[in-house]
Amino acid sequence: MKCLSKGVMINKDFYNQDVISIQQFTREDLETLFEYADRAKKHKDKKLELLKDKVVMLAFFEPSTRTRFSFEVAAKRLGADVVGFSGEEGTSISKGENFTDTIRMLDSYSNLIVIRHKLEGAAKYASEIAENPVINAGDGKQHHPTQAMIDLYTIREIFGTIDELTYAVVGDLRYGRASTSFIYGLLIYNPKKLYLVSPPNLGAREEVISYLKEKGVAFEEIRNLEEIIDEIDVLYTIRLQKERFPDITEYEKAKGSYKITLDLLKNAKKGLKIMHPLPKLDEIDKEIDSTEYAAYFQQAKNGVPVRMALLSLIFGVEL
Amino acid sequence: MKCLSKGVMINKDFYNQDVISIQQFTREDLETLFEYADRAKKHKDKKLELLKDKVVMLAFFEPSTRTRFSFEVAAKRLGADVVGFSGEEGTSISKGENFTDTIRMLDSYSNLIVIRHKLEGAAKYASEIAENPVINAGDGKQHHPTQAMIDLYTIREIFGTIDELTYAVVGDLRYGRASTSFIYGLLIYNPKKLYLVSPPNLGAREEVISYLKEKGVAFEEIRNLEEIIDEIDVLYTIRLQKERFPDITEYEKAKGSYKITLDLLKNAKKGLKIMHPLPKLDEIDKEIDSTEYAAYFQQAKNGVPVRMALLSLIFGVEL
Amino acid sequence: MKCLSKGVMINKDFYNQDVISIQQFTREDLETLFEYADRAKKHKDKKLELLKDKVVMLAFFEPSTRTRFSFEVAAKRLGADVVGFSGEEGTSISKGENFTDTIRMLDSYSNLIVIRHKLEGAAKYASEIAENPVINAGDGKQHHPTQAMIDLYTIREIFGTIDELTYAVVGDLRYGRASTSFIYGLLIYNPKKLYLVSPPNLGAREEVISYLKEKGVAFEEIRNLEEIIDEIDVLYTIRLQKERFPDITEYEKAKGSYKITLDLLKNAKKGLKIMHPLPKLDEIDKEIDSTEYAAYFQQAKNGVPVRMALLSLIFGVEL
């Protein structure tokens with residue numbers, strides 16, 4: 001942290017920085033972020049004027065509701081003006097403009113770009129073109145850093161710590177950017193053990209496995225969730241993203257095989273929490289929604305304060 | 001009306017309440033609303049800060065321009081932040097998320113949800129899930145309470161009263177939610193007589209007829225508008241909603257048979273006003289737009305002040 | 001300029017006026033506009049409250065990103081509330097409402113309409129219906145007055161003058177509304193010479209040629225850009241708008257034949273600047289983007305201050 005001219009403390013890992021991957025942050029960085037998020041929650045019922053002079057551009061080349069709305073609400077509660085699009089309908093992008101020119105334009109009209117894109121590396125590339133900071137709101141199959149921040153914040157909120165817990169990440173670990181970002185996020189901490197639970201062919205990518213080994217974290221790839229259900233503290237489930245499957249039959253096979261049911265949870269460890277980046281389809285039985293297991297609505301709700309925290313740190317204003 | 005801690009009078013039928021159907025209100029409630037709307041009109045040229053700390057979510061699952069824009073302008077003129085969507089394009093709803101989860105998310109990001117949905121009961125269902133108030137901006141074939149409020153307010157503005165007038169509601173009374181809501185709204189008052197004018201098979205639904213009988217209002221179902229044109233004060237016309245007809249030939253047959261022309265109006269009662277919730281196609285001859293008969297543009301314009309009034313009453317702020 | 005009651009100087013050619021064509025302005029008008037734009041640039045990092053009580057309606061019947069976002073940012077930086085749509089998706093326009101009624105509604109909900117439409121004359125027509133000012137953000141094949149303002153402002157910024165320079169306007173001059181507006185704009189000044197460079201059949205329309213003759217400007221229609229490249233100060237290129245070609249083969253033939261390359265620029269006059277209203281496809285080699293020739297990103301960036309200037313003048317507030 002260093003001091004801005006006007007007496008505001010800034011954190012150089014956030015101030016005026018791009019946010020491309022959760023891997024760029026230290027646990028000290030994240031602790032600062034989480035403290036800001038705690039403060040954001042206290043301002044819940046009040047519109048702030050901290051970012052009154054800023055324009056935030058939401059460039060969602062891929063459709064999104066949850067991430068987009070929570071960024072929009074976060075920016076507006078801080079007083080920023082927000083412009084943007086979701087999907088490529090109604091924009092001149094459909095006229096065939098190249099990505100570089102589009103980013104340059106979006107950059108010149110705003111003070112920060114929040115970008116979602118289906119292609120890996122799109123956010124990084126955008127950050128190299130834009131003069132202003134770029135936040136990756138999900139690109140390709142690996143990076144969704146603000147989701148990982150929310151996930152870690154929610155665990156800290158529930159368990160008081162992120163270290164020394166046993167985690168299972170369940171589902172399609174190959175195509176899910178939220179699950180991969182979550183795993184990368186966990187590796188900033190000291191998990192007791194990490195289970196990667198997936199159907200064959202949908203396991204974590206080679207680079208994720210290498211990274212886990214490099215970090216020296218205890219992890220295990222398994223097929224069957226039931227055998228470890230009495231051991232885990234956090235069960236992180238993700239949607240099988242139909243649109244990312246090259247083959248529909250592969251999707252149908254995978255779907256359902258990792259469904260979370262009350263029956264499965266009979267043997268769960270006391271205090272087990274189920275997380276999900278949402279939207280969920282039928283990966284989790286609806287009856288679970290109203291049980292103590294369900295942490296996913298709390299997780300979703302944390303989208304606003306965590307993103308308020310991040311915007312504040314990037315713009316160097318004190319929440 | 002009771003007193004909030006800060007000395008603001010609140011009306012318990014509005015304060016923090018859901019608005020699902022016009023039927024939930026008394027004439028005293030509506031009189032309060034109309035007084036607020038009168039005051040909103042006086043603030044026409046001024047942005048207020050009354051809802052500065054609120055976020056209003058516009059959840060239009062069915063497309064809309066008029067209702068959506070007037071809600072958006074109403075909320076913004078009161079100082080609220082507004083987020084939302086129109087149509088399901090560009091949202092993760094197209095990923096197949098269930099309605100319950102979607103509502104829960106929208107609720108957690110905002111202080112009030114305005115919802116439009118093609119399915120009957122969607123607003124009621126949403127209100128049971130959401131912690132914050134829900135306003136029905138039109139669902140299914142019966143309810144569009146804020147439209148009825150605007151209609152009644154416009155009549156009061158023109159005639160000084162809603163009671164003791166003769167009304168005709170004309171067109172497709174079976175599929176039109178605006179006309180049904182208007183009829184329900186009239187029943188809160190004492191109309192002199194109510195004519196329901198429609199082609200066979202497009203008459204008012206059984207539950208509407210029952211409700212009319214229960215309320216003891218003088219009404220008559222007829223086929224021919226011409227024979228009563230010299231008797232009515234208010235002619236309420238609605239669009240034949242092609243998208244609600246199960247059969248295109250049924251639509252073509254109905255279309256045109258209830259068209260309002262200057263010729264028809266030759267025998268009109270002095271002071272007759274034509275209303276229409278808009279958009280209109282060719283139900284009304286274009287030449288009528290510039291005559292004294294046309295009340296529909298005034299009616300449309302009243303969308304903003306009436307919705308400002310409603311938002312103010314729900315949030316318990318004094319306009 | 002005359003004085004408003006509150007002591008603000010107003011310019012009667014802008015105050016409360018519609019902006020339909022660049023042809024309606026004098027060079028004095030434009031000089032006032034450009035001075036306002038200079039001032040808007042100085043306020044770059046500050047949200048103003050000048051239009052706090054105004055609602056600006058963005059009615060983009062044709063999709064747009066650049067024009068729409070820069071209008072939206074301009075209005076918001078001045079404190080206005082902004083509502084609107086882009087494309088006809090998600091609006092009730094798709095229900096078949098007539099244009100007159102739609103404009104009347106948009107007008108009744110706002111204090112100013114910014115309209116884009118594919119049909120020639122749509123903005124003019126809208127301005128006859130609306131009580132409040134209408135700004136043409138591009139309609140048909142001829143008029144895009146705010147683009148011309150931005151183009152002229154950028155030239156003034158770079159060259160210190162718009163007079164006595166040699167211009168070439170290159171590409172599809174038949175279907176391009178930006179190029180036609182630019183030519184109309186130039187005729188308010190005294191260009192030294194104007195070259196119109198296009199493939200056969202895509203030359204400037206008869207009315208443009210007549211107007212040029214009427215104004216007595218030195219101009220020449222040529223086919224080959226290379227032969228005049230050592231003579232021109234400003235090279236204005238436009239996109240070949242595929243969607244405006246009646247025949248795809250005509251498009252394919254035209255495309256590429258007027259591509260700007262570094263090789264072509266070897267013989268360019270010192271200080272030559274290339275302009276383009278953007279988005280560009282491959283009319284200009286990507287390598288040129290980072291050279292001194294490229295003025296198009298500066299031009300795009302000027303969209304916000306010039307539109308802020310225009311809004312301020314129309315609403316009679318002093319920037």
# chains A, B, ... in the order shown; residues from 1 in each chain; ligands from 1

call {"tool": "interface_residues", "arguments": {"of": "chain C", "to": "chain A", "cutoff": "6 Å", "atoms": "only C-alpha atoms", "output": "JSON, numbers by chain"}}
result
{"C": [46, 47, 63, 64, 65, 86, 87, 279, 281, 301]}

call {"tool": "select_by_dssp", "arguments": {"residues": "stretch 129-312 of chain A", "states": "helix (DSSP H, G or I)", "output": "PyMOL selection string"}}
result
chain A and resi 129+145-159+177-186+206-215+226-228+242-244+248-254+262-265+286-290+296-301+303-312

call {"tool": "calpha_fit_and_write", "arguments": {"fixed": "chain A", "moving": "chain B", "output": "short mmCIF file (atom, residue, chain, number, x, y, z; two decimals) with C-alpha atoms, in the first residue's frame"}}
result
data_model
loop_
_atom_site.label_atom_id
_atom_site.label_comp_id
_atom_site.auth_asym_id
_atom_site.auth_seq_id
_atom_site.Cartn_x
_atom_site.Cartn_y
_atom_site.Cartn_z
CA MET B 1 -0.01 -0.06 -0.04
CA LYS B 2 1.29 3.38 -0.79
CA CYS B 3 -0.17 6.80 -0.36
CA LEU B 4 -1.88 8.77 -3.15
CA SER B 5 -1.34 12.54 -3.11
CA LYS B 6 -4.78 13.09 -1.61
CA GLY B 7 -3.96 10.90 1.35
CA VAL B 8 -5.75 7.78 0.14
CA MET B 9 -3.83 4.53 0.62
CA ILE B 10 -3.48 2.60 -2.59
CA ASN B 11 -2.53 -0.97 -3.27
CA LYS B 12 -0.15 -1.19 -6.21
CA ASP B 13 -1.32 -4.69 -7.16
CA PHE B 14 -4.77 -3.27 -7.86
CA TYR B 15 -4.40 0.45 -8.50
CA ASN B 16 -4.76 1.13 -12.21
CA GLN B 17 -4.06 -2.55 -12.93
CA ASP B 18 -5.67 -5.01 -15.30
CA VAL B 19 -7.33 -8.05 -13.75
CA ILE B 20 -6.80 -10.97 -16.09
CA SER B 21 -6.33 -14.00 -13.87
CA ILE B 22 -6.75 -14.78 -10.19
CA GLN B 23 -3.15 -16.05 -10.35
CA GLN B 24 -1.76 -12.52 -10.43
CA PHE B 25 -2.76 -11.90 -6.79
CA THR B 26 -1.17 -12.75 -3.43
CA ARG B 27 -3.07 -13.69 -0.31
CA GLU B 28 -2.29 -10.22 1.07
CA ASP B 29 -3.91 -8.69 -2.01
CA LEU B 30 -6.99 -10.81 -1.54
CA GLU B 31 -7.17 -10.00 2.16
CA THR B 32 -7.22 -6.31 1.27
CA LEU B 33 -9.94 -6.99 -1.28
CA PHE B 34 -12.01 -8.92 1.23
CA GLU B 35 -11.76 -6.15 3.79
CA TYR B 36 -13.01 -3.73 1.17
CA ALA B 37 -15.86 -6.11 0.39
CA ASP B 38 -16.77 -6.23 4.08
CA ARG B 39 -16.96 -2.46 4.04
CA ALA B 40 -18.98 -2.45 0.82
CA LYS B 41 -21.57 -4.60 2.56
CA LYS B 42 -21.93 -2.01 5.28
CA HIS B 43 -22.74 0.60 2.63
CA LYS B 44 -25.41 -1.71 1.21
CA ASP B 45 -28.26 0.73 1.55
CA LYS B 46 -26.47 3.79 0.35
CA LYS B 47 -25.41 5.11 -3.02
CA LEU B 48 -21.83 6.32 -2.88
CA GLU B 49 -20.25 9.02 -5.00
CA LEU B 50 -16.71 7.64 -5.03
CA LEU B 51 -16.62 6.92 -8.77
CA LYS B 52 -18.82 9.83 -9.84
CA ASP B 53 -16.31 10.96 -12.44
CA LYS B 54 -15.77 7.52 -13.96
CA VAL B 55 -17.38 5.68 -16.86
CA VAL B 56 -17.36 1.88 -16.70
CA MET B 57 -17.79 0.01 -19.99
CA LEU B 58 -19.41 -3.42 -19.88
CA ALA B 59 -18.26 -5.25 -23.00
CA PHE B 60 -20.02 -8.61 -22.83
CA PHE B 61 -19.30 -10.27 -26.17
CA GLU B 62 -20.82 -13.40 -24.68
CA PRO B 63 -24.22 -13.17 -22.96
CA SER B 64 -24.35 -12.96 -19.20
CA THR B 65 -26.91 -11.88 -16.65
CA ARG B 66 -25.44 -12.51 -13.24
CA THR B 67 -21.91 -11.26 -13.81
CA ARG B 68 -23.08 -8.33 -15.88
CA PHE B 69 -25.78 -7.15 -13.50
CA SER B 70 -23.58 -7.47 -10.45
CA PHE B 71 -20.82 -5.44 -12.14
CA GLU B 72 -23.39 -2.89 -13.27
CA VAL B 73 -24.95 -2.58 -9.83
CA ALA B 74 -21.49 -2.45 -8.19
CA ALA B 75 -20.35 0.37 -10.47
CA LYS B 76 -23.59 2.32 -10.09
CA ARG B 77 -23.68 2.02 -6.30
CA LEU B 78 -20.21 3.58 -6.34
CA GLY B 79 -21.56 6.45 -8.43
CA ALA B 80 -20.01 5.56 -11.80
CA ASP B 81 -21.79 5.92 -15.12
CA VAL B 82 -22.16 2.62 -16.90
CA VAL B 83 -22.50 1.94 -20.62
CA GLY B 84 -22.17 -1.30 -22.52
CA PHE B 85 -23.62 -4.21 -24.37
CA SER B 86 -24.40 -7.88 -23.87
CA GLY B 87 -24.20 -10.17 -26.84
CA GLU B 88 -23.22 -8.74 -30.18
CA GLU B 89 -26.76 -7.88 -31.25
CA GLY B 90 -27.42 -4.20 -31.71
CA THR B 91 -23.75 -3.32 -31.98
CA SER B 92 -21.60 -2.51 -34.97
CA ILE B 93 -19.48 -5.50 -34.04
CA SER B 94 -21.87 -7.41 -36.23
CA LYS B 95 -20.67 -5.20 -39.10
CA GLY B 96 -17.37 -7.09 -38.91
CA GLU B 97 -15.16 -4.58 -37.14
CA ASN B 98 -11.92 -6.07 -35.89
CA PHE B 99 -11.52 -6.63 -32.18
CA THR B 100 -8.58 -4.23 -31.86
CA ASP B 101 -10.57 -1.29 -33.20
CA THR B 102 -13.57 -2.17 -31.06
CA ILE B 103 -11.48 -2.24 -27.89
CA ARG B 104 -9.76 0.99 -28.80
CA MET B 105 -13.14 2.67 -29.19
CA LEU B 106 -14.56 1.25 -25.96
CA ASP B 107 -11.41 2.35 -24.19
CA SER B 108 -11.59 5.88 -25.53
CA TYR B 109 -15.15 6.34 -24.26
CA SER B 110 -14.59 5.03 -20.74
CA ASN B 111 -12.23 4.74 -17.77
CA LEU B 112 -12.36 0.96 -17.41
CA ILE B 113 -13.51 -1.98 -19.49
CA VAL B 114 -15.13 -5.11 -18.06
CA ILE B 115 -14.91 -7.75 -20.75
CA ARG B 116 -16.42 -11.17 -21.31
CA HIS B 117 -15.47 -13.15 -24.39
CA LYS B 118 -15.67 -16.73 -25.53
CA LEU B 119 -12.06 -16.80 -26.71
CA GLU B 120 -9.18 -17.63 -24.41
CA GLY B 121 -6.87 -14.66 -24.03
CA ALA B 122 -9.33 -12.03 -25.23
CA ALA B 123 -9.12 -10.08 -21.97
CA LYS B 124 -5.32 -10.15 -21.97
CA TYR B 125 -5.26 -8.99 -25.57
CA ALA B 126 -7.76 -6.21 -24.81
CA SER B 127 -5.61 -5.07 -21.90
CA GLU B 128 -2.65 -4.66 -24.22
CA ILE B 129 -4.65 -2.36 -26.48
CA ALA B 130 -6.56 -0.36 -23.90
CA GLU B 131 -4.92 2.49 -22.03
CA ASN B 132 -7.33 2.12 -19.14
CA PRO B 133 -7.64 -0.94 -16.89
CA VAL B 134 -9.38 -4.06 -18.18
CA ILE B 135 -11.18 -6.57 -15.95
CA ASN B 136 -11.68 -10.08 -17.25
CA ALA B 137 -15.27 -11.07 -16.55
CA GLY B 138 -14.64 -14.50 -18.01
CA ASP B 139 -12.86 -15.55 -21.18
CA GLY B 140 -12.17 -18.91 -22.74
CA LYS B 141 -12.07 -21.98 -20.53
CA GLN B 142 -9.75 -20.95 -17.72
CA HIS B 143 -10.12 -17.47 -16.39
CA HIS B 144 -12.89 -15.79 -14.49
CA PRO B 145 -10.93 -14.06 -11.74
CA THR B 146 -13.74 -12.05 -10.16
CA GLN B 147 -15.79 -15.23 -9.78
CA ALA B 148 -12.85 -16.82 -7.92
CA MET B 149 -12.65 -13.75 -5.69
CA ILE B 150 -16.34 -14.10 -4.84
CA ASP B 151 -15.94 -17.82 -4.19
CA LEU B 152 -13.00 -17.34 -1.86
CA TYR B 153 -14.68 -14.45 -0.08
CA THR B 154 -17.77 -16.57 0.53
CA ILE B 155 -15.69 -19.42 1.98
CA ARG B 156 -13.86 -16.98 4.26
CA GLU B 157 -17.23 -15.58 5.32
CA ILE B 158 -18.61 -19.01 6.19
CA PHE B 159 -15.58 -20.82 7.57
CA GLY B 160 -13.52 -17.85 8.78
CA THR B 161 -10.61 -19.26 6.78
CA ILE B 162 -9.78 -20.65 3.36
CA ASP B 163 -6.81 -22.69 4.56
CA GLU B 164 -6.87 -26.24 5.88
CA LEU B 165 -10.24 -27.18 4.43
CA THR B 166 -10.94 -30.15 2.20
CA TYR B 167 -12.40 -29.28 -1.17
CA ALA B 168 -14.06 -31.18 -3.98
CA VAL B 169 -14.55 -29.55 -7.37
CA VAL B 170 -17.14 -31.52 -9.27
CA GLY B 171 -18.35 -31.76 -12.83
CA ASP B 172 -16.92 -30.78 -16.17
CA LEU B 173 -13.48 -29.54 -15.15
CA ARG B 174 -12.31 -29.38 -18.72
CA TYR B 175 -14.58 -26.67 -20.12
CA GLY B 176 -15.57 -24.77 -16.98
CA ARG B 177 -13.80 -21.48 -16.53
CA ALA B 178 -15.27 -20.88 -13.07
CA SER B 179 -14.00 -24.17 -11.68
CA THR B 180 -10.52 -23.67 -13.13
CA SER B 181 -10.33 -20.15 -11.73
CA PHE B 182 -11.51 -21.45 -8.38
CA ILE B 183 -8.76 -24.07 -8.34
CA TYR B 184 -6.18 -21.41 -9.25
CA GLY B 185 -7.58 -19.27 -6.46
CA LEU B 186 -7.36 -22.06 -3.88
CA LEU B 187 -3.68 -22.47 -4.70
CA ILE B 188 -3.02 -19.02 -3.30
CA TYR B 189 -4.04 -20.58 0.04
CA ASN B 190 -3.22 -23.84 1.79
CA PRO B 191 -6.08 -26.27 1.26
CA LYS B 192 -5.81 -29.50 3.23
CA LYS B 193 -6.76 -31.56 0.22
CA LEU B 194 -8.38 -30.98 -3.13
CA TYR B 195 -10.44 -33.62 -4.95
CA LEU B 196 -11.07 -33.20 -8.64
CA VAL B 197 -14.20 -35.18 -9.46
CA SER B 198 -15.18 -35.57 -13.09
CA PRO B 199 -16.22 -38.04 -15.75
CA PRO B 200 -13.40 -39.42 -17.90
CA ASN B 201 -12.50 -37.01 -20.73
CA LEU B 202 -13.80 -34.09 -18.71
CA GLY B 203 -10.97 -33.97 -16.21
CA ALA B 204 -8.89 -30.89 -15.46
CA ARG B 205 -6.58 -29.77 -18.27
CA GLU B 206 -2.92 -30.65 -18.32
CA GLU B 207 -1.84 -27.12 -17.39
CA VAL B 208 -4.05 -27.21 -14.29
CA ILE B 209 -2.59 -30.53 -13.17
CA SER B 210 0.94 -29.24 -13.73
CA TYR B 211 0.20 -26.13 -11.75
CA LEU B 212 -1.19 -28.21 -8.89
CA LYS B 213 1.95 -30.32 -8.84
CA GLU B 214 4.19 -27.28 -9.00
CA LYS B 215 2.42 -25.77 -6.00
CA GLY B 216 2.79 -29.02 -4.07
CA VAL B 217 -0.86 -29.18 -3.08
CA ALA B 218 -2.36 -32.50 -1.99
CA PHE B 219 -4.87 -33.39 -4.69
CA GLU B 220 -6.49 -36.43 -6.21
CA GLU B 221 -8.48 -37.03 -9.37
CA ILE B 222 -11.42 -39.34 -8.72
CA ARG B 223 -14.63 -40.42 -10.47
CA ASN B 224 -16.96 -41.02 -7.56
CA LEU B 225 -18.12 -38.25 -5.32
CA GLU B 226 -19.89 -40.54 -2.87
CA GLU B 227 -16.73 -42.09 -1.47
CA ILE B 228 -15.34 -38.75 -0.24
CA ILE B 229 -18.58 -37.02 0.76
CA ASP B 230 -17.87 -37.59 4.47
CA GLU B 231 -14.49 -35.92 4.17
CA ILE B 232 -15.05 -32.63 2.37
CA ASP B 233 -15.90 -29.18 3.72
CA VAL B 234 -16.63 -27.48 0.42
CA LEU B 235 -18.31 -29.07 -2.57
CA TYR B 236 -17.89 -26.84 -5.59
CA THR B 237 -20.21 -27.88 -8.42
CA ILE B 238 -20.40 -26.41 -11.88
CA ARG B 239 -22.82 -26.44 -14.73
CA LEU B 240 -22.09 -28.76 -17.60
CA GLN B 241 -21.79 -26.17 -20.29
CA LYS B 242 -23.60 -27.73 -23.22
CA GLU B 243 -22.37 -24.99 -25.54
CA ARG B 244 -18.76 -26.01 -24.87
CA PHE B 245 -19.18 -29.69 -25.69
CA PRO B 246 -17.99 -30.59 -29.14
CA ASP B 247 -20.44 -33.51 -29.16
CA ILE B 248 -24.02 -33.57 -27.83
CA THR B 249 -23.87 -37.25 -26.87
CA GLU B 250 -20.84 -36.54 -24.68
CA TYR B 251 -22.97 -33.87 -22.97
CA GLU B 252 -25.93 -36.15 -22.39
CA LYS B 253 -23.70 -38.82 -20.90
CA ALA B 254 -22.01 -36.43 -18.48
CA LYS B 255 -25.22 -34.70 -17.44
CA GLY B 256 -26.86 -36.24 -14.45
CA SER B 257 -23.93 -38.46 -13.50
CA TYR B 258 -22.74 -35.88 -11.00
CA LYS B 259 -26.05 -34.66 -9.74
CA ILE B 260 -26.09 -33.62 -6.08
CA THR B 261 -29.03 -35.14 -4.18
CA LEU B 262 -30.19 -35.21 -0.54
CA ASP B 263 -29.55 -38.92 -0.62
CA LEU B 264 -25.91 -38.38 -1.49
CA LEU B 265 -25.62 -35.87 1.36
CA LYS B 266 -26.81 -38.33 4.02
CA ASN B 267 -23.18 -39.16 4.78
CA ALA B 268 -21.88 -35.64 4.38
CA LYS B 269 -19.41 -34.17 6.83
CA LYS B 270 -21.04 -31.82 9.32
CA GLY B 271 -20.96 -28.23 8.05
CA LEU B 272 -20.49 -29.19 4.40
CA LYS B 273 -21.26 -26.28 2.09
CA ILE B 274 -22.22 -26.59 -1.55
CA MET B 275 -21.09 -23.85 -3.89
CA HIS B 276 -21.99 -23.17 -7.49
CA PRO B 277 -21.13 -20.16 -9.66
CA LEU B 278 -24.67 -20.31 -11.13
CA PRO B 279 -26.70 -20.47 -13.29
CA LYS B 280 -27.40 -24.09 -12.39
CA LEU B 281 -29.63 -26.39 -14.39
CA ASP B 282 -30.27 -29.69 -12.64
CA GLU B 283 -26.83 -30.40 -11.20
CA ILE B 284 -28.29 -29.83 -7.74
CA ASP B 285 -31.65 -31.13 -6.52
CA LYS B 286 -34.06 -28.25 -5.93
CA GLU B 287 -34.81 -29.49 -2.41
CA ILE B 288 -31.25 -28.64 -1.42
CA ASP B 289 -31.84 -24.94 -2.08
CA SER B 290 -33.53 -24.44 1.27
CA THR B 291 -31.08 -26.51 3.33
CA GLU B 292 -28.03 -25.39 5.29
CA TYR B 293 -25.84 -27.03 2.65
CA ALA B 294 -26.66 -24.42 0.05
CA ALA B 295 -24.09 -21.62 -0.04
CA TYR B 296 -24.67 -20.69 -3.67
CA PHE B 297 -27.24 -17.96 -3.14
CA GLN B 298 -25.01 -16.28 -0.58
CA GLN B 299 -22.16 -16.69 -3.07
CA ALA B 300 -24.21 -15.03 -5.83
CA LYS B 301 -25.19 -12.18 -3.56
CA ASN B 302 -21.54 -11.55 -2.75
CA GLY B 303 -21.04 -10.62 -6.41
CA VAL B 304 -21.94 -7.00 -5.77
CA PRO B 305 -19.78 -6.20 -2.70
CA VAL B 306 -16.72 -8.06 -4.02
CA ARG B 307 -16.97 -6.25 -7.37
CA MET B 308 -17.47 -2.94 -5.57
CA ALA B 309 -14.29 -3.70 -3.63
CA LEU B 310 -12.35 -4.48 -6.79
CA LEU B 311 -13.50 -1.35 -8.62
CA SER B 312 -12.61 0.78 -5.60
CA LEU B 313 -9.11 -0.68 -5.38
CA ILE B 314 -8.47 -0.28 -9.11
CA PHE B 315 -9.59 3.34 -9.07
CA GLY B 316 -7.76 4.00 -5.81
CA VAL B 317 -10.71 5.21 -3.78
CA GLU B 318 -11.25 4.30 -0.17
CA LEU B 319 -14.48 2.42 0.47
#

call {"tool": "select_by_dssp", "arguments": {"residues": "stretch 120-233 of chain C", "states": "strand (DSSP E or B)", "output": "ChimeraX atom specification"}}
result
/C:134-139,143,166-170,193-197,219-222
